[in-house]
Every structure is written in structure tokens, then in C-alpha cells.
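Read the structure below first, then the notes.
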Amino acid sequence: MLEEQRVGEILAAVPERRHWRYRPRRVGMVWRSRTFRVAAVCTVLAVCALAILALVRDQTGTEGFLVGLGLAVLPVPLLMAAFRWLDRVDPAPWRNLLFALAWGAFAAALIAILANSFATRWIATTTADPANADNLGATVIAPVVEESAKAAAILLVFLFRRREFSGIVDGVVIAGFTASGFAFTENILYLGNAFGEDQQAGASGVASMTAATFFVRAVMSPFAHPLFTILTGTGFGLAAASARNRRFRRIALPLLGLVLAMGMHALWNGSASFLGPLAFYAVYAVFMVPLFGVLTWLVIWARRRELRALAAELPGYAAAGWLTPTEPLALASMRARGLARDAARRHHSFDAGADWGNPYGPGHAPGHAPGHGSVHGPGHGAVAPVGAPAQALPPVQAMAQAQGWAPRKERRKARAQAKARGKAAARTVAEYESFAMSLASLRRQARLGTAGPDFAARELELLHHLWQRSDVAAPALAYAAQAAGLLRPYPYPFPPAPAAYWPTSAPAAFPPPHQAYGGYNPYQLPPR
């Protein structure tokens with residue numbers, strides 16, 4: 001007791017915090033700040049962008065740089081649209097895609113141009129054969145450096161955006177955006193140098209070196225760099241879909257994909273450097289085109305697999321009452337999902353007095369979008385509540401009410417509000433579809449043993465997001481399932497809800513789920 005009393009007296013003698021001479025150091029707190037990380041990444045990419053553009057301009061000249069920039073940007077939107085189309089089922093966030101594009105265009109290109117230049121000079125000095133130094137550098141050094149630099153973007157997304165990287169399609173899309181950015185910067189360099197050669201030789205038109213370079217790189221083989229890097233992305237995608245306890249597979253598959261990407265890149269460069277134009281076209285026809293077809297089939301198969309996961313995992317939630325019975329059918333069809341977004345936009349625009357009809361039919365009277373009032377003016381279908389006091393109207397509006405028309409400004413305003421409500425409803429359905437895909441993917445990961453320890457919390461959060469949007473999305477998806485011809489006779493009662501599809505700790509804010517659909521008739525729209 002005496003020792004405790006003495007310790008208490010010593011601690012009581014410690015000065016107040018404002019009089020401290022030694023303060024605790026906040027170790028690692030800056031790195032945990034999201035703002036700091038975003039600012040650091042943007043700063044690094046901006047510095048790389050300034051450096052690589054200055055190097056390219058120095059090698060091509062101002063005119064060549066501008067010509068190369070104008071021609072190199074043409075295939076980029078097409079490549080981005082193609083990879084975004086592949087990712088329609090569960091779209092990746094734009095921040096990941098833009099990071100991958102910027103990394104490939106600036107960081108990876110800067111690493112590649114510096115490393116390739118150094119390696120070429122070293123080979124020329126070591127072998128005393130400057131004539132073959134460029135060919136050896138393009139065939140041996142460039143594939144290793146360039147594919148490793150591009151793979152770094154995929155690795156960063158895989159490590160720091162793990163929840164948004166769940167399969168082959170995600171790996172292919174990230175790899176495609178990274179390689180598209182890299183090809184953009186490389187095309188500026190090649191096209192700018194070709195334009196400089198044409199300026200010196202006085203060539204122009206179709207027979208010029210610039211036109212030939214543009215045809216080979218932007219028309220004939222715009223998917224060359226994406227094709228190589230997709231092999232690496234496929235390896236990362238297979239690793240993401242593997243169970244957590246299979247560590248060897250999760251490490252070996254990305255490395256295998258990277259080695260295959262380097263090999264294909266070396267074969268492509270070597271055929272043009274050592275074997276001549278005929279061998280180049282032979283490699284293009286024998287290897288590149290079939291590989292492009294195989295990878296395209298693989299990505300489409302993976303996308304259909306994601307849709308099948310929706311059809312397989314969501315019926316349990318429908319049986320538990322979190323979804324209506326028609327929603328798994330509509331969510332598993334890309335056509336029905338598009339119809340649902342369009343129907344929601346038309347329905348809520350019709351509600352506000354737009355010129356479209358109600359797509360849900362007479363069984364679904366138009367209701368107001370949540371959080372919005374009616375924009376119908378007097379004389380345009382608005383019915384005042386019984387017993388509501390009459391309000392005096394200005395002379396112009398009174399005349400409009402008597403004659404059944406509204407001033408042009410009010411009609412224009414009502415039409416703008418209607419379009420805004422329709423766009424908001426379509427966006428709500430799109431968000432609902434995305435959350436449903438995430439829920440099905442999470443459930444599939446849990447079944448395969450790849451879900452993390454926070455599975456229950458993530459499942460509950462996704463169900464909460466779905467429930468918040470169900471009033472707008474559920475009727476639209478029900479209409480889309482019927483319009484797309486997905487409903488089939490189902491004479492048996494809907495199966496009871498498995499206990500596994502109920503969250504372990506549902507918050508009190510959740511309303512009770514839909515009642516069981518015993519003897520459900522799928523040819524009728526579910527009640528809401």
C-alpha cells in the first residue's frame with residue numbers, strides 16, 4: 001500500500017499536458033490519411049507526365065510531338081469503350097481505371113523509355129556492335145521492362161483495391177486500360193519520329209512513313225500492347241478468384257501471366273526486328289489473331305459466369321424476402337437490366353408530366369419519385385385533396401387553368417424536372433444492379449472460401465443499400481423480366497427461405513422483408 005501511495009504521488013506530480021516538454025510522436029499517421037495517399041499518387045503521376053512528355057517532345061520536336069499526339073489519341077477512346085463494354089456486368093470504379101490509364105501513359109512509359117535507352121547504350125558499348133544494339137534491346141530488354149512496368153499498376157490495384165478486384169474480368173479491364181495508356185505514349189513517339197523523317201525526305205500522303213506507322217500501330221494492331229498485358233491481368237484475376245489458403249497459386253499465377261506476356265511481346269518485337277516484314281505478318285496471323293480470339297472468348301465466358309453467379313446466388317435472398325422473385329431473373333440478363341433502367345427513367349419522367357407513356361402499364365399507377373413533389377400544374381392532371389382550401393392564382397395562371405394550358409416557361413421547367421427525375425431513377429436502378437452483383441459475388445466468395453472475415457458486415461451493408469433502392473428498382477426489374485420474356489410457369493410454391501440468407505445481426509432500421517410467395521405465379525408482377 002505504501003508503494004502504491006508513493007507511485008500515486010509521483011504520477012500526481014506530472015505537469016499538465018500544456019506544460020509537457022516531450023510529446024508522443026504520431027508514427028505512421030500521415031500514411032494512413034486517404035487525402036495524403038491520393039495527393040501523393042497524383043503528384044507522382046503528374047511528375048511522370050511532365051517528364052515523359054518533355055522527353056518525347058525532345059526526341060520528336062514540337063511539330064512531330066503535336067502530330068503524333070493528334071494521331072495517337074484516336075484509338076484510345078475505342079479501346080476504353082471496348083474494355084468498358086466487357087465490364088458492364090459489375091463495372092469497376094472509374095478511379096481505378098483512370099489510375100491504370102495514367103500509370104500506363106506516364107509512369108510505365110517513363111520507366112520504359114529510360115530503361116530501354118540505358119540498356120541499348122550498354123549493349124552497344126559492351127558488344128561493340130551498335131547496329132544490332134537496337135534490335136537486341138527491342139527483343140530482349142523492352143519486353144521485360146515494359147511488361148513489368150505495366151504489371152505494377154495491376155499489382156497496386158490488386159493490393160490496395162482488393163474488394164474491387166474479384167476475378168478475370170477485373171484483371172483484364174485494368175490491364176487493358178494500363179496498356180492502352182502505355183500504347184498512347186509510345187505511339188506519340190513513333191508517329192512523331194515518322195513525321196520527322198517525312199519532313200526530311202519531303203514525303204507526304206498515303207505513301208509517307210507517318211501513314212504507314214499509323215496503319216500498323218493504330219489500325220492493324222491497336223490491341224497489341226493490351227493483348228500482352230491482358231495475360232498478366234488474367235493471372236491476377238485467377239489469383240483473386242482463388243481461395244486464401246492457396247498461397248502458392250495466388251503467387252504463381254500472376255508470375256506465370258507476366259512471363260507469358262513477356263514472351264509474346266518478345267516474339268512480336270523479334271519478328272519485326274530480325275525476321276523481316278514477312279515474318280512479322282506471319283506472327284501476326286498465326287499467333288496474335290488466334291490469341292486475341294482466345295482471350296476474347298475467355299473474357300466473354302467470365303462475364304457470362306458472373307451473370308450465372310447472379311442467377312445462382314440471389315434466389316436465396318429472394319426466398320428470404322430481401323428481393324422479389326423476378327429480380328434474380330432480370331439481374332442475370334444484360335438485356336433486362338437495360339430495359340429496367342430505361343423503364344425507370346420513362347416511368348418517373350411520365351410521373352412528372354413528360355411526353356412519354358408509363359411503361360409499367362395500367363397495373364402500376366405512376367407514383368412520385370422519393371423526395372420529390374409533383375410538377376404538374378393546375379389543369380394537367382393534378383387533383384387537389386378533398387377539403388383542401390382553394391388558393392388564389394395570378395391572372396396568367398388562372399387563364400392557363402381555365403384554358404387547359406401552361407405558360408411555356410413553366411412547361412419547360414416541368415420538362416426539365418421530369419428529365420432530372422427520370423435520370424435519377426435510372427441511376428438508382430443502375431446502383432441497385434451494381435450492389436446486387438456485389439452481393440452475389442460476395443456470396444460466391446463465401447461459398448468458395450475466399451471471402452474475408454468481415455463477410456457478415458459486408459453482406460449486411462449490401463442488403464441495406466439494396467433495400468434503400470428497392471422502391472424504385474423492384475418495379476422496373478419486374479417489368480423488365482416480363483418484357484424480356486424471362487418468366488416461365490412455376491406451378492410449385494416458392495421454396496422457403498434458407499437460414500443462411502438471413503444476416504446474423506439485422507439492424508432495427510430494416511423493415512420486415514417481403515412475405516413468402518407461396519403458390520407464386522410468375523406471369524403476374526409481384527406486389528409492392
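Each chain in the C-alpha cells gets a letter, A, B and so on, in the order shown; residues start at 1 in every chain, and ligands are counted from 1 in the order they appear.
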Contact check, region 426-480 of chain A to region 145-169 of chain A, at most 10 Å, counting only C-alpha atoms, closest pairs as a Markdown table:
| residue | atom | partner | partner_atom | distance |
| --- | --- | --- | --- | --- |
| A:Ser438 | CA | A:Glu164 | CA | 9.1 |
| A:Ser441 | CA | A:Ser166 | CA | 7.9 |
| A:Leu442 | CA | A:Ser166 | CA | 9.2 |
| A:Gln445 | CA | A:Ser166 | CA | 8.8 |
| A:Thr450 | CA | A:Ser166 | CA | 9.8 |
| A:Ala451 | CA | A:Arg163 | CA | 9.7 |
| A:Gly452 | CA | A:Arg163 | CA | 9.7 |
Preceding selection exported with all heavy atoms as a PDB file, in the first residue's frame:
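The new file again38.pdb reads:
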ATOM      1  N   SER A 438     -22.486  -7.208 -56.579  1.00  0.00           N
ATOM      2  CA  SER A 438     -21.513  -7.316 -55.486  1.00  0.00           C
ATOM      3  C   SER A 438     -21.975  -8.322 -54.435  1.00  0.00           C
ATOM      4  O   SER A 438     -21.163  -9.082 -53.887  1.00  0.00           O
ATOM      5  CB  SER A 438     -21.289  -5.946 -54.843  1.00  0.00           C
ATOM      6  OG  SER A 438     -20.785  -5.016 -55.780  1.00  0.00           O
ATOM      7  N   SER A 441     -21.472 -11.810 -55.866  1.00  0.00           N
ATOM      8  CA  SER A 441     -20.047 -12.139 -55.870  1.00  0.00           C
ATOM      9  C   SER A 441     -19.546 -12.432 -54.465  1.00  0.00           C
ATOM     10  O   SER A 441     -18.746 -13.364 -54.257  1.00  0.00           O
ATOM     11  CB  SER A 441     -19.264 -10.970 -56.483  1.00  0.00           C
ATOM     12  OG  SER A 441     -17.877 -11.213 -56.442  1.00  0.00           O
ATOM     13  N   LEU A 442     -20.010 -11.643 -53.491  1.00  0.00           N
ATOM     14  CA  LEU A 442     -19.612 -11.891 -52.106  1.00  0.00           C
ATOM     15  C   LEU A 442     -20.107 -13.243 -51.625  1.00  0.00           C
ATOM     16  O   LEU A 442     -19.373 -13.984 -50.947  1.00  0.00           O
ATOM     17  CB  LEU A 442     -20.159 -10.773 -51.221  1.00  0.00           C
ATOM     18  CG  LEU A 442     -19.863 -10.874 -49.728  1.00  0.00           C
ATOM     19  CD1 LEU A 442     -18.365 -10.775 -49.462  1.00  0.00           C
ATOM     20  CD2 LEU A 442     -20.622  -9.794 -48.965  1.00  0.00           C
ATOM     21  N   GLN A 445     -17.967 -15.919 -53.157  1.00  0.00           N
ATOM     22  CA  GLN A 445     -16.671 -15.984 -52.484  1.00  0.00           C
ATOM     23  C   GLN A 445     -16.778 -16.728 -51.156  1.00  0.00           C
ATOM     24  O   GLN A 445     -15.891 -17.506 -50.795  1.00  0.00           O
ATOM     25  CB  GLN A 445     -16.125 -14.576 -52.265  1.00  0.00           C
ATOM     26  CG  GLN A 445     -15.724 -13.853 -53.540  1.00  0.00           C
ATOM     27  CD  GLN A 445     -15.310 -12.420 -53.259  1.00  0.00           C
ATOM     28  OE1 GLN A 445     -15.117 -12.028 -52.109  1.00  0.00           O
ATOM     29  NE2 GLN A 445     -15.190 -11.619 -54.308  1.00  0.00           N
ATOM     30  N   THR A 450     -13.212 -17.854 -50.203  1.00  0.00           N
ATOM     31  CA  THR A 450     -12.315 -16.728 -50.491  1.00  0.00           C
ATOM     32  C   THR A 450     -12.776 -15.427 -49.859  1.00  0.00           C
ATOM     33  O   THR A 450     -12.119 -14.403 -50.035  1.00  0.00           O
ATOM     34  CB  THR A 450     -12.190 -16.529 -52.010  1.00  0.00           C
ATOM     35  OG1 THR A 450     -13.486 -16.244 -52.560  1.00  0.00           O
ATOM     36  CG2 THR A 450     -11.630 -17.767 -52.673  1.00  0.00           C
ATOM     37  N   ALA A 451     -13.901 -15.427 -49.149  1.00  0.00           N
ATOM     38  CA  ALA A 451     -14.379 -14.205 -48.512  1.00  0.00           C
ATOM     39  C   ALA A 451     -13.577 -13.930 -47.245  1.00  0.00           C
ATOM     40  O   ALA A 451     -13.059 -14.848 -46.597  1.00  0.00           O
ATOM     41  CB  ALA A 451     -15.868 -14.308 -48.178  1.00  0.00           C
ATOM     42  N   GLY A 452     -13.470 -12.665 -46.897  1.00  0.00           N
ATOM     43  CA  GLY A 452     -12.713 -12.269 -45.722  1.00  0.00           C
ATOM     44  C   GLY A 452     -13.502 -12.455 -44.442  1.00  0.00           C
ATOM     45  O   GLY A 452     -14.672 -12.862 -44.448  1.00  0.00           O
TER      46      GLY A 452
END
>> Give me, as an MDAnalysis selection string, all polymer residues having an atom no more than 7 Å from Leu310 (chain A), counting only C-alpha atoms and skipping those fewer than 2 positions away in the same chain.
In response: chainID A and resid 306:308 312:314 328 331:332 437 440
Write a file of the just-selected residues containing N, CA and C atoms, as a short mmCIF file (atom, residue, chain, number, x, y, z; two decimals), in the first residue's frame.
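Full text of again34.cif as output:
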data_model
loop_
_atom_site.label_atom_id
_atom_site.label_comp_id
_atom_site.auth_asym_id
_atom_site.auth_seq_id
_atom_site.Cartn_x
_atom_site.Cartn_y
_atom_site.Cartn_z
N GLU A 306 -20.21 -14.54 -64.40
CA GLU A 306 -20.70 -13.59 -63.40
C GLU A 306 -22.22 -13.50 -63.44
N LEU A 307 -22.80 -13.51 -64.64
CA LEU A 307 -24.26 -13.48 -64.74
C LEU A 307 -24.87 -14.76 -64.17
N ARG A 308 -24.23 -15.90 -64.42
CA ARG A 308 -24.73 -17.15 -63.84
C ARG A 308 -24.62 -17.13 -62.32
N ALA A 312 -27.56 -17.86 -59.67
CA ALA A 312 -27.42 -18.96 -58.72
C ALA A 312 -27.45 -18.50 -57.26
N GLU A 313 -26.95 -17.31 -56.97
CA GLU A 313 -26.80 -16.88 -55.59
C GLU A 313 -27.96 -16.04 -55.07
N LEU A 314 -28.61 -15.28 -55.95
CA LEU A 314 -29.64 -14.35 -55.49
C LEU A 314 -30.99 -15.00 -55.16
N PRO A 328 -33.89 -11.89 -59.52
CA PRO A 328 -32.73 -12.66 -59.98
C PRO A 328 -32.75 -12.93 -61.48
N LEU A 331 -31.82 -9.51 -63.20
CA LEU A 331 -30.45 -9.11 -62.95
C LEU A 331 -29.44 -9.99 -63.67
N ALA A 332 -29.82 -11.21 -64.01
CA ALA A 332 -28.92 -12.13 -64.71
C ALA A 332 -28.98 -11.96 -66.22
N MET A 437 -24.94 -7.31 -57.91
CA MET A 437 -23.80 -8.07 -58.42
C MET A 437 -22.74 -8.25 -57.34
N ALA A 440 -23.98 -10.97 -54.95
CA ALA A 440 -23.83 -12.31 -55.49
C ALA A 440 -22.36 -12.74 -55.51
#
> Using the chain letters and numbers from this document, which residues of region 188-295 of chain A does DSSP assign to alpha helix (DSSP H), as a PyMOL selection string?
Replying inline: chain A and resi 188-201+209-214+224-240+247-273+277-283+289-295
